[in-house]
>>> print(open('model-v7.txt').read())   # compact mmCIF, C-alpha atoms and all ligand atoms
# COMPACT_ATOMS: atom_id res chain seq x y z
CA MET P 1 -16.88 120.78 73.83
CA SER P 2 -20.02 122.90 74.00
CA ALA P 3 -23.35 121.31 74.88
CA GLN P 4 -24.56 122.27 71.39
CA TRP P 5 -21.65 120.46 69.68
CA SER P 6 -22.04 117.50 71.94
CA LYS P 7 -25.69 117.27 70.97
CA HIS P 8 -24.85 117.48 67.23
CA LEU P 9 -22.16 114.83 67.62
CA SER P 10 -24.54 112.44 69.40
CA GLN P 11 -27.16 113.00 66.73
CA GLY P 12 -24.52 112.34 64.06
CA ILE P 13 -23.48 109.08 65.67
CA ILE P 14 -27.08 107.95 65.99
CA ALA P 15 -27.77 108.89 62.34
CA ALA P 16 -24.69 106.99 61.18
CA TRP P 17 -25.73 104.02 63.29
CA LEU P 18 -29.15 104.02 61.66
CA LEU P 19 -27.63 104.35 58.19
CA VAL P 20 -24.99 101.64 58.31
CA GLY P 21 -26.17 99.54 61.24
CA ALA P 22 -24.26 98.25 64.23
CA GLU P 23 -22.17 95.86 62.09
CA GLY P 24 -20.97 98.63 59.81
CA MET P 25 -20.00 100.83 62.72
CA ALA P 26 -18.10 98.07 64.46
CA ARG P 27 -14.40 98.58 63.94
CA ALA P 28 -11.77 95.92 64.21
CA GLU P 29 -13.05 93.66 66.93
CA ASP P 30 -10.03 92.37 68.79
CA PRO P 31 -9.34 88.95 67.26
CA ALA P 32 -8.26 87.67 70.68
CA VAL P 33 -11.75 88.48 71.95
CA LEU P 34 -13.35 86.85 68.89
CA ALA P 35 -11.31 83.68 69.46
CA GLU P 36 -12.17 83.60 73.17
CA ARG P 37 -15.85 84.02 72.38
CA ALA P 38 -15.75 81.19 69.83
CA GLY P 39 -13.73 78.95 72.14
CA ILE P 40 -10.97 78.64 69.55
CA PRO P 41 -7.30 78.72 70.60
CA ARG P 42 -5.36 81.61 69.07
CA PRO P 43 -3.10 81.16 67.27
CA ALA P 44 -4.54 77.79 66.28
CA VAL P 45 -2.40 74.88 65.11
CA ILE P 46 -4.55 72.88 62.70
CA ALA P 47 -2.98 69.54 61.72
CA HIS P 48 -3.96 69.28 58.06
CA ARG P 49 -5.01 65.66 57.43
CA GLY P 50 -2.98 64.97 60.60
CA ALA P 51 0.79 65.38 60.72
CA SER P 52 0.72 64.55 57.03
CA PHE P 53 4.24 65.60 56.08
CA ASP P 54 5.61 62.83 58.30
CA ALA P 55 2.98 60.11 57.92
CA PRO P 56 0.35 59.13 55.33
CA GLU P 57 -2.45 61.70 55.32
CA SER P 58 -5.73 60.98 57.12
CA THR P 59 -4.47 57.74 58.68
CA ARG P 60 -4.04 56.56 62.24
CA ALA P 61 -0.30 57.35 62.05
CA SER P 62 -0.79 60.97 60.96
CA TYR P 63 -3.54 61.70 63.51
CA VAL P 64 -1.80 59.99 66.45
CA LEU P 65 1.39 61.87 65.61
CA ALA P 66 -0.45 65.21 65.41
CA ARG P 67 -2.12 64.53 68.77
CA GLU P 68 1.11 63.55 70.49
CA LEU P 69 2.98 66.57 69.08
CA GLY P 70 0.31 68.82 70.60
CA ALA P 71 -1.80 70.08 67.68
CA ASP P 72 -4.86 72.08 68.69
CA TYR P 73 -6.99 70.41 66.02
CA LEU P 74 -7.02 67.30 63.85
CA GLU P 75 -8.17 68.46 60.42
CA MET P 76 -10.14 66.05 58.25
CA ASP P 77 -12.25 65.83 55.11
CA LEU P 78 -15.54 64.03 55.56
CA GLN P 79 -17.20 61.74 53.01
CA ARG P 80 -19.76 58.90 53.16
CA THR P 81 -19.60 55.26 52.07
CA ARG P 82 -22.24 53.50 49.98
CA ASP P 83 -23.59 51.95 53.19
CA GLY P 84 -23.84 55.31 54.92
CA VAL P 85 -20.75 55.42 57.15
CA LEU P 86 -18.84 58.70 57.57
CA ILE P 87 -15.20 58.28 56.65
CA VAL P 88 -12.21 60.58 56.38
CA MET P 89 -10.61 61.08 52.96
CA HIS P 90 -9.49 64.13 51.01
CA ASP P 91 -9.74 63.15 47.35
CA ASP P 92 -13.12 62.21 45.96
CA THR P 93 -11.53 59.17 44.29
CA LEU P 94 -9.15 56.58 45.75
CA GLN P 95 -6.30 56.24 43.25
CA ARG P 96 -3.76 58.70 44.66
CA THR P 97 -3.63 57.39 48.22
CA THR P 98 -4.68 53.73 48.04
CA ASP P 99 -4.16 50.54 46.05
CA VAL P 100 -7.72 50.62 44.68
CA ALA P 101 -6.40 50.02 41.14
CA ARG P 102 -5.05 46.63 42.26
CA LYS P 103 -7.99 45.58 44.45
CA PHE P 104 -10.91 46.99 42.43
CA PRO P 105 -9.46 47.67 38.96
CA GLU P 106 -12.81 48.08 37.24
CA ARG P 107 -13.97 50.65 39.83
CA LYS P 108 -10.68 52.47 40.42
CA ASP P 109 -12.02 55.86 39.29
CA LYS P 110 -15.35 55.64 41.08
CA PRO P 111 -16.17 58.05 43.90
CA ILE P 112 -16.01 57.06 47.58
CA SER P 113 -19.79 56.74 47.62
CA ASP P 114 -19.48 53.72 45.28
CA PHE P 115 -17.72 51.64 47.95
CA THR P 116 -18.98 50.03 51.15
CA LEU P 117 -16.99 50.49 54.34
CA ALA P 118 -15.96 46.82 54.22
CA GLU P 119 -14.53 47.36 50.73
CA LEU P 120 -12.69 50.54 51.71
CA LYS P 121 -11.23 48.79 54.75
CA THR P 122 -9.44 46.29 52.47
CA LEU P 123 -7.39 49.11 50.90
CA ASP P 124 -3.78 49.94 51.79
CA ALA P 125 -3.76 53.68 52.59
CA GLY P 126 -0.05 54.06 53.40
CA SER P 127 2.22 52.38 50.85
CA TRP P 128 1.75 55.23 48.37
CA PHE P 129 3.47 57.50 50.94
CA ASN P 130 6.48 55.17 51.23
CA GLN P 131 6.88 55.23 47.47
CA ALA P 132 6.42 58.99 47.17
CA TYR P 133 8.62 59.92 50.14
CA PRO P 134 11.28 57.22 50.66
CA ALA P 135 13.18 59.36 53.18
CA ARG P 136 10.14 59.31 55.49
CA ALA P 137 8.97 55.76 54.69
CA ARG P 138 8.24 53.21 57.45
CA ASP P 139 7.21 49.56 57.11
CA SER P 140 4.30 50.15 59.47
CA TYR P 141 2.80 52.68 57.04
CA GLY P 142 2.06 49.84 54.65
CA LYS P 143 -0.49 48.50 57.15
CA LEU P 144 -2.59 51.64 57.44
CA HIS P 145 -6.25 51.86 56.45
CA ILE P 146 -8.88 54.48 55.71
CA LEU P 147 -10.47 55.71 58.96
CA THR P 148 -14.05 56.30 59.91
CA LEU P 149 -14.97 59.53 61.70
CA ASP P 150 -15.57 57.42 64.82
CA GLN P 151 -12.01 56.13 64.65
CA VAL P 152 -10.58 59.64 64.40
CA ILE P 153 -12.66 60.58 67.45
CA ASP P 154 -11.20 57.53 69.24
CA ILE P 155 -7.71 58.84 68.42
CA ALA P 156 -8.53 62.35 69.64
CA GLU P 157 -9.88 60.93 72.91
CA ALA P 158 -7.09 58.44 73.57
CA ASN P 159 -4.64 60.69 75.42
CA PRO P 160 -6.19 62.20 78.56
CA ALA P 161 -3.24 64.61 78.85
CA HIS P 162 -3.99 66.21 75.48
CA ARG P 163 -7.27 65.90 73.63
CA PRO P 164 -7.07 67.84 70.35
CA GLY P 165 -10.18 69.30 68.79
CA LEU P 166 -11.78 68.12 65.54
CA TYR P 167 -11.71 70.45 62.52
CA ILE P 168 -14.10 68.78 60.08
CA GLU P 169 -14.70 69.68 56.44
CA THR P 170 -17.73 68.57 54.47
CA LYS P 171 -15.97 67.54 51.26
CA VAL P 172 -17.90 67.61 47.95
CA PRO P 173 -21.11 67.91 50.02
CA GLN P 174 -23.32 67.94 46.89
CA GLN P 175 -22.41 64.26 46.49
CA PHE P 176 -23.61 63.48 50.01
CA PRO P 177 -27.04 64.99 50.66
CA GLY P 178 -27.75 65.07 54.40
CA ILE P 179 -24.10 64.65 55.43
CA GLU P 180 -24.39 67.66 57.75
CA ARG P 181 -27.15 65.89 59.70
CA ASP P 182 -25.23 62.60 59.72
CA LEU P 183 -22.25 64.46 61.14
CA LYS P 184 -24.38 65.94 63.90
CA HIS P 185 -25.65 62.50 64.85
CA VAL P 186 -22.13 61.07 65.19
CA LEU P 187 -20.80 64.06 67.14
CA LYS P 188 -23.83 64.00 69.42
CA ALA P 189 -23.62 60.25 70.01
CA ARG P 190 -19.96 60.64 70.93
CA GLY P 191 -20.65 63.54 73.31
CA TRP P 192 -18.68 66.03 71.22
CA LEU P 193 -21.45 68.61 71.02
CA GLN P 194 -21.21 69.45 74.69
CA GLY P 195 -18.77 70.20 77.48
CA GLU P 196 -15.17 71.06 76.78
CA HIS P 197 -14.95 69.34 73.41
CA LYS P 198 -13.50 71.52 70.65
CA VAL P 199 -15.14 71.14 67.25
CA VAL P 200 -14.87 73.42 64.22
CA LEU P 201 -16.89 72.76 61.06
CA GLN P 202 -15.53 73.93 57.70
CA THR P 203 -16.64 73.95 54.09
CA PHE P 204 -15.99 75.64 50.75
CA ASP P 205 -19.68 75.26 49.95
CA LYS P 206 -21.92 78.11 51.10
CA ASP P 207 -25.01 75.88 51.01
CA SER P 208 -23.31 73.30 53.20
CA LEU P 209 -22.36 76.10 55.60
CA VAL P 210 -26.02 77.03 55.94
CA LEU P 211 -26.94 73.37 56.57
CA LEU P 212 -24.16 72.96 59.13
CA ASN P 213 -25.42 76.06 60.87
CA LYS P 214 -28.98 74.75 60.86
CA GLU P 215 -27.93 71.40 62.34
CA MET P 216 -25.30 72.70 64.77
CA PRO P 217 -25.91 76.40 65.38
CA HIS P 218 -23.66 76.53 68.44
CA VAL P 219 -20.59 74.91 66.89
CA PRO P 220 -18.02 77.33 65.39
CA LYS P 221 -17.99 77.25 61.60
CA VAL P 222 -15.53 78.35 58.92
CA LEU P 223 -16.19 79.25 55.29
CA LEU P 224 -13.17 78.24 53.20
CA LEU P 225 -12.28 80.79 50.53
CA TRP P 226 -11.08 80.31 46.98
CA VAL P 227 -11.03 82.36 43.79
CA GLY P 228 -12.96 80.59 41.05
CA ALA P 229 -16.06 78.54 40.34
CA GLY P 230 -18.51 78.44 43.24
CA SER P 231 -16.49 80.93 45.25
CA ILE P 232 -14.99 84.43 44.85
CA GLU P 233 -15.28 85.85 41.31
CA PRO P 234 -11.82 86.33 39.75
CA GLN P 235 -10.40 89.47 38.12
CA SER P 236 -9.46 87.48 35.03
CA SER P 237 -11.33 84.56 33.54
CA VAL P 238 -8.32 83.16 31.62
CA ALA P 239 -7.92 79.53 32.71
CA PHE P 240 -4.52 78.07 33.63
CA ALA P 241 -4.59 75.85 30.54
CA ASP P 242 -5.01 78.91 28.29
CA SER P 243 -2.66 81.20 30.20
CA GLY P 244 0.66 80.03 28.72
CA GLU P 245 2.05 80.02 32.27
CA PRO P 246 4.02 76.81 32.87
CA ASP P 247 3.98 77.05 36.70
CA LYS P 248 0.56 76.55 38.26
CA ALA P 249 1.59 78.15 41.56
CA ALA P 250 2.72 81.30 39.70
CA TRP P 251 -0.60 81.39 37.86
CA TYR P 252 -2.56 80.95 41.11
CA ALA P 253 -0.51 83.70 42.77
CA ARG P 254 -1.77 86.13 40.12
CA GLN P 255 -5.44 85.23 40.68
CA GLN P 256 -7.23 87.97 42.58
CA PRO P 257 -10.80 88.61 43.66
CA ARG P 258 -12.58 90.74 41.04
CA ASP P 259 -12.39 93.67 43.43
CA ARG P 260 -12.59 94.58 47.10
CA ALA P 261 -16.39 94.52 47.04
CA GLU P 262 -16.38 90.92 45.76
CA PHE P 263 -14.06 89.82 48.56
CA GLU P 264 -16.24 91.64 51.07
CA ARG P 265 -19.35 89.98 49.61
CA TRP P 266 -17.91 86.57 50.53
CA LEU P 267 -17.14 87.72 54.05
CA ASP P 268 -20.78 88.71 54.31
CA ILE P 269 -21.83 85.31 52.96
CA ALA P 270 -19.67 83.71 55.65
CA LYS P 271 -21.25 85.86 58.36
CA ALA P 272 -24.79 85.29 57.11
CA GLY P 273 -24.14 81.54 57.03
CA GLY P 274 -23.12 81.56 60.68
CA ALA P 275 -19.34 81.37 60.28
CA VAL P 276 -17.01 82.71 62.95
CA ALA P 277 -13.98 82.56 60.65
CA THR P 278 -12.86 82.27 57.07
CA GLY P 279 -10.30 79.81 55.73
CA PRO P 280 -8.44 81.54 52.90
CA SER P 281 -5.65 80.16 50.71
CA ALA P 282 -2.08 81.49 50.62
CA ALA P 283 0.54 81.98 47.91
CA LEU P 284 3.66 80.28 49.26
CA THR P 285 7.18 81.67 48.97
CA HIS P 286 8.58 78.59 47.26
CA GLY P 287 5.45 77.73 45.27
CA GLY P 288 4.53 74.05 45.03
CA GLU P 289 1.28 72.15 44.90
CA GLN P 290 -0.24 73.81 47.95
CA SER P 291 0.43 77.34 46.75
CA TYR P 292 -2.73 79.10 45.67
CA MET P 293 -4.16 82.63 45.63
CA ASP P 294 -2.95 85.15 48.19
CA LEU P 295 -6.17 85.68 50.14
CA VAL P 296 -4.41 86.71 53.35
CA GLN P 297 -3.25 90.15 52.31
CA PRO P 298 -3.26 92.47 55.35
CA TRP P 299 -6.29 94.44 54.11
CA MET P 300 -8.23 91.21 53.72
CA ASN P 301 -7.45 90.04 57.24
CA GLN P 302 -8.23 93.49 58.62
CA LEU P 303 -11.58 93.55 56.83
CA SER P 304 -12.35 90.05 58.15
CA HIS P 305 -11.58 91.15 61.71
CA ASP P 306 -13.63 94.31 61.20
CA LYS P 307 -16.55 92.05 60.39
CA GLY P 308 -15.96 89.92 63.46
CA LEU P 309 -14.40 87.00 61.57
CA LEU P 310 -11.21 85.15 62.49
CA VAL P 311 -8.83 84.01 59.74
CA HIS P 312 -7.40 80.46 59.49
CA VAL P 313 -5.13 80.14 56.44
CA TYR P 314 -4.45 76.93 54.48
CA THR P 315 -1.95 75.19 53.96
CA VAL P 316 1.40 76.49 55.19
CA ASP P 317 4.49 74.41 56.05
CA ASP P 318 7.53 76.68 55.83
CA PRO P 319 8.72 79.01 58.65
CA VAL P 320 9.20 81.79 56.06
CA ASP P 321 5.50 81.59 55.28
CA PHE P 322 4.46 81.09 58.94
CA GLN P 323 6.09 84.48 59.54
CA LYS P 324 4.60 86.08 56.45
CA VAL P 325 1.00 85.07 57.13
CA SER P 326 1.35 85.87 60.83
CA ASP P 327 2.63 89.36 60.00
CA ALA P 328 -0.37 89.71 57.69
CA GLY P 329 -2.65 89.06 60.67
CA VAL P 330 -3.97 85.48 60.50
CA ASP P 331 -5.29 83.80 63.65
CA GLY P 332 -4.41 80.18 62.88
CA ILE P 333 -2.72 78.01 60.30
CA PHE P 334 -3.53 74.70 58.62
CA THR P 335 -0.24 72.83 58.33
CA ASN P 336 1.07 69.43 57.31
CA ARG P 337 4.07 70.10 59.57
CA THR P 338 2.59 70.32 63.05
CA ALA P 339 5.99 70.10 64.77
CA GLU P 340 7.38 73.02 62.76
CA LEU P 341 4.37 75.24 63.39
CA LEU P 342 4.39 74.49 67.13
CA LYS P 343 8.07 75.43 67.20
CA PHE P 344 7.30 78.66 65.36
CA TYR P 345 4.62 79.55 67.90
CA GLY P 346 7.01 78.86 70.78
CA ARG P 347 5.25 75.67 71.87
CA PRO P 348 7.73 72.97 70.79
CA ALA P 349 6.68 69.35 71.24
CA ARG P 350 8.27 67.48 74.17
CA SER P 351 9.22 64.48 72.03
CA SER P 352 10.64 64.24 68.53
CA ILE P 353 8.63 62.87 65.63
CA GLU P 354 10.81 59.75 65.63
CA GLN P 355 10.34 59.20 69.38
CA ILE P 356 6.57 59.50 69.07
CA LEU P 357 6.29 57.19 66.07
CA VAL P 358 8.36 54.50 67.81
CA ARG P 359 6.49 54.93 71.10
CA GLU P 360 3.12 54.65 69.34
CA GLY P 361 4.07 51.49 67.47
CA PHE P 362 4.82 52.94 64.03
O1 LIG P 401 -9.83 72.46 54.66
C1 LIG P 401 -9.09 73.42 54.05
C2 LIG P 401 -7.78 72.87 53.75
O2 LIG P 401 -7.78 71.53 54.09
C3 LIG P 401 -7.33 73.06 52.36
O3 LIG P 401 -8.16 72.41 51.47
O4 LIG P 401 -8.19 70.77 49.68
O5 LIG P 401 -6.70 70.37 51.61
O6 LIG P 401 -9.13 70.20 51.90
P1 LIG P 401 -8.03 70.87 51.16
CA CA P 402 -9.64 70.01 54.18
>>> encode(input="model-v7.txt", output="structure tokens", more="lines below")
Ligand code: G3P
Ligand code: CA
Amino acid sequence: MSAQWSKHLSQGIIAAWLLVGAEGMARAEDPAVLAERAGIPRPAVIAHRGASFDAPESTRASYVLARELGADYLEMDLQRTRDGVLIVMHDDTLQRTTDVARKFPERKDKPISDFTLAELKTLDAGSWFNQAYPARARDSYGKLHILTLDQVIDIAEANPAHRPGLYIETKVPQQFPGIERDLKHVLKARGWLQGEHKVVLQTFDKDSLVLLNKEMPHVPKVLLLWVGAGSIEPQSSVAFADSGEPDKAAWYARQQPRDRAEFERWLDIAKAGGAVATGPSAALTHGGEQSYMDLVQPWMNQLSHDKGLLVHVYTVDDPVDFQKVSDAGVDGIFTNRTAELLKFYGRPARSSIEQILVREGF
């Protein structure tokens, strides 16, 4: 190359740099490097509400099982009681997973924030599972209770040979003003904001992401992605109820971001809010209740990596889909079936689910 050409080329690169900025010029940061920098295992095994295929979600049984199987993270949804205690529960009401209708019939549809911790602790959080899944039922599950965040931390800390990380979602954060600060106080008091502790903070709510980042700037954060209200604008605004489609999973699978620019806009929102990763949904091969929009198409994952974001997909339980989303380029998977995902990643658990449950008193 002549000196003249070399000079023009350098000037061109500098001009492009000035036009699009360093971010725009950056091309496909190696996701392994991104994960290393964030201190996040890759690929990451994220036990969704614990090992919740085999034990009642968000209970001691599901989290102990996930820990003993070897999950990288215990995933949980954070809410707050009327008396200000952080507890772990997915739904914003109690009917599906507890006997609230029997114990508090007049308040059965009230949100979590209507109950004190003492009231919540009277509820049976496991018998629903035995009724729904008789093949996996155990008598001990009928004695399980709702857990506080402190109790999940106790579970994570209880095995010195394997201490999983905590992957904590602020659930319906608009209902719990200040929950991000409350979370910081608990994590700090328990020593989880320093040393080798692995914490990831996640939310669907971009405002909560900003607050999490303000309270805990050094903790890795994930913006969960969705197509619809409060998240990515859809291509079509026809609601499921008006679509004539009988299968909700099939309807979800057709939902797309309005266009590439809209998807990219949400990646930029994630970056600006301090996220190191996104948590997109997946359309599952066999459909079902957890099958949503396909937000892990290869171009989407590539674009996320180009912007320096990892991709953790929710919620995948079938080896066919483990393969599909891995081929598409994701860096970690939320799963209800920790044992299956560990097997898929070539890290099978040393003990069977049955052995662990018996050993741990379930
Ligand atoms: O946290 C993301 C993942 O858990 C999927 O969402 O509804 O199960 O909390 P959800
Ligand atoms: Ca969650």
>>> residues_around(input="model-v7.txt", residues="segment 292-297 of chain P", least_positions_apart="4", cutoff="7 Å", atoms="only C-alpha atoms", output="ChimeraX atom specification")
/P:249,252-256,280-283,301,325,328
>>> closest_residue(input="model-v7.txt", among="P:Glu157, P:Asp30, P:Asp99, P:Glu289", to="ligand LIG 401 (chain P)", atoms="only C-alpha atoms and all ligand atoms")
P:Glu289
>>> residues_around(input="model-v7.txt", residues="Val320 of chain P", least_positions_apart="3", cutoff="12 Å", atoms="all atoms listed in the file", output="PyMOL selection string")
chain P and resi 283-286+316-317+323-327+340-341+344
>>> closest_residue(input="model-v7.txt", among="P:Pro217, P:Gly279, P:Gly361, P:Gly346", to="ligand CA 402 (chain P)", atoms="only C-alpha atoms and all ligand atoms")
P:Gly279
>>> residues_near_ligand(input="model-v7.txt", ligand="ligand CA 402 (chain P)", cutoff="7 Å", atoms="all atoms listed in the file", output="compact mmCIF listing (two decimals) with C-alpha atoms, keeping the file's coordinate frame")
# COMPACT_ATOMS: atom_id res chain seq x y z
CA HIS P 48 -3.96 69.28 58.06
CA GLU P 75 -8.17 68.46 60.42
CA MET P 76 -10.14 66.05 58.25
CA ASP P 77 -12.25 65.83 55.11
CA HIS P 90 -9.49 64.13 51.01
CA GLU P 169 -14.70 69.68 56.44
>>> residues_near_ligand(input="model-v7.txt", ligand="ligand LIG 401 (chain P)", cutoff="12 Å", atoms="all atoms listed in the file", output="number ranges by chain")
P: 46-50, 52, 57-58, 73-79, 88-92, 166-172, 200-205, 221-226, 278-282, 289-292, 312-316, 333-336
>>> atom_distance(input="model-v7.txt", atom1="atom CA of Gly273 of chain P", atom2="atom CA of Leu309 of chain P")
12.1 Å
>>> residues_around(input="model-v7.txt", residues="Pro220 of chain P", least_positions_apart="2", cutoff="10 Å", atoms="only C-alpha atoms", output="count of residues only")
20
>>> residues_near_point(input="model-v7.txt", point="(-4.2, 60.7, 75.2)", cutoff="12 Å", atoms="all atoms listed in the file", output="PyMOL selection string")
chain P and resi 63-70+153-164+360
>>> atom_distance(input="model-v7.txt", atom1="atom CA of Ala61 of chain P", atom2="atom CA of Gln131 of chain P")
16.4 Å
>>> atom_distance(input="model-v7.txt", atom1="atom CA of Glu215 of chain P", atom2="atom CA of Val311 of chain P")
23.0 Å
>>> closest_residue(input="model-v7.txt", among="P:Ile112, P:Arg190, P:Arg138, P:His145", to="Gln175 of chain P", atoms="all atoms listed in the file")
P:Ile112
>>> closest_residue(input="model-v7.txt", among="P:Pro177, P:Gly228, P:Gly288, P:Gly191", to="Ser208 of chain P", atoms="all atoms listed in the file")
P:Pro177
>>> residues_around(input="model-v7.txt", residues="Ser127 of chain P", least_positions_apart="3", cutoff="8 Å", atoms="all atoms listed in the file", output="number ranges by chain")
P: 98, 124, 130-131, 141-143
>>> residues_around(input="model-v7.txt", residues="Ile87 of chain P", least_positions_apart="3", cutoff="9 Å", atoms="all atoms listed in the file", output="list in words")
Asp77, Leu78, Gln79, Arg80, Thr81, Leu117, Ile146, Leu147, Thr148, Leu149, Asp150 and Gln151 of chain P
>>> closest_residue(input="model-v7.txt", among="P:Val238, P:Arg107, P:Lys271, P:Gly287", to="Ala250 of chain P", atoms="all atoms listed in the file")
P:Gly287
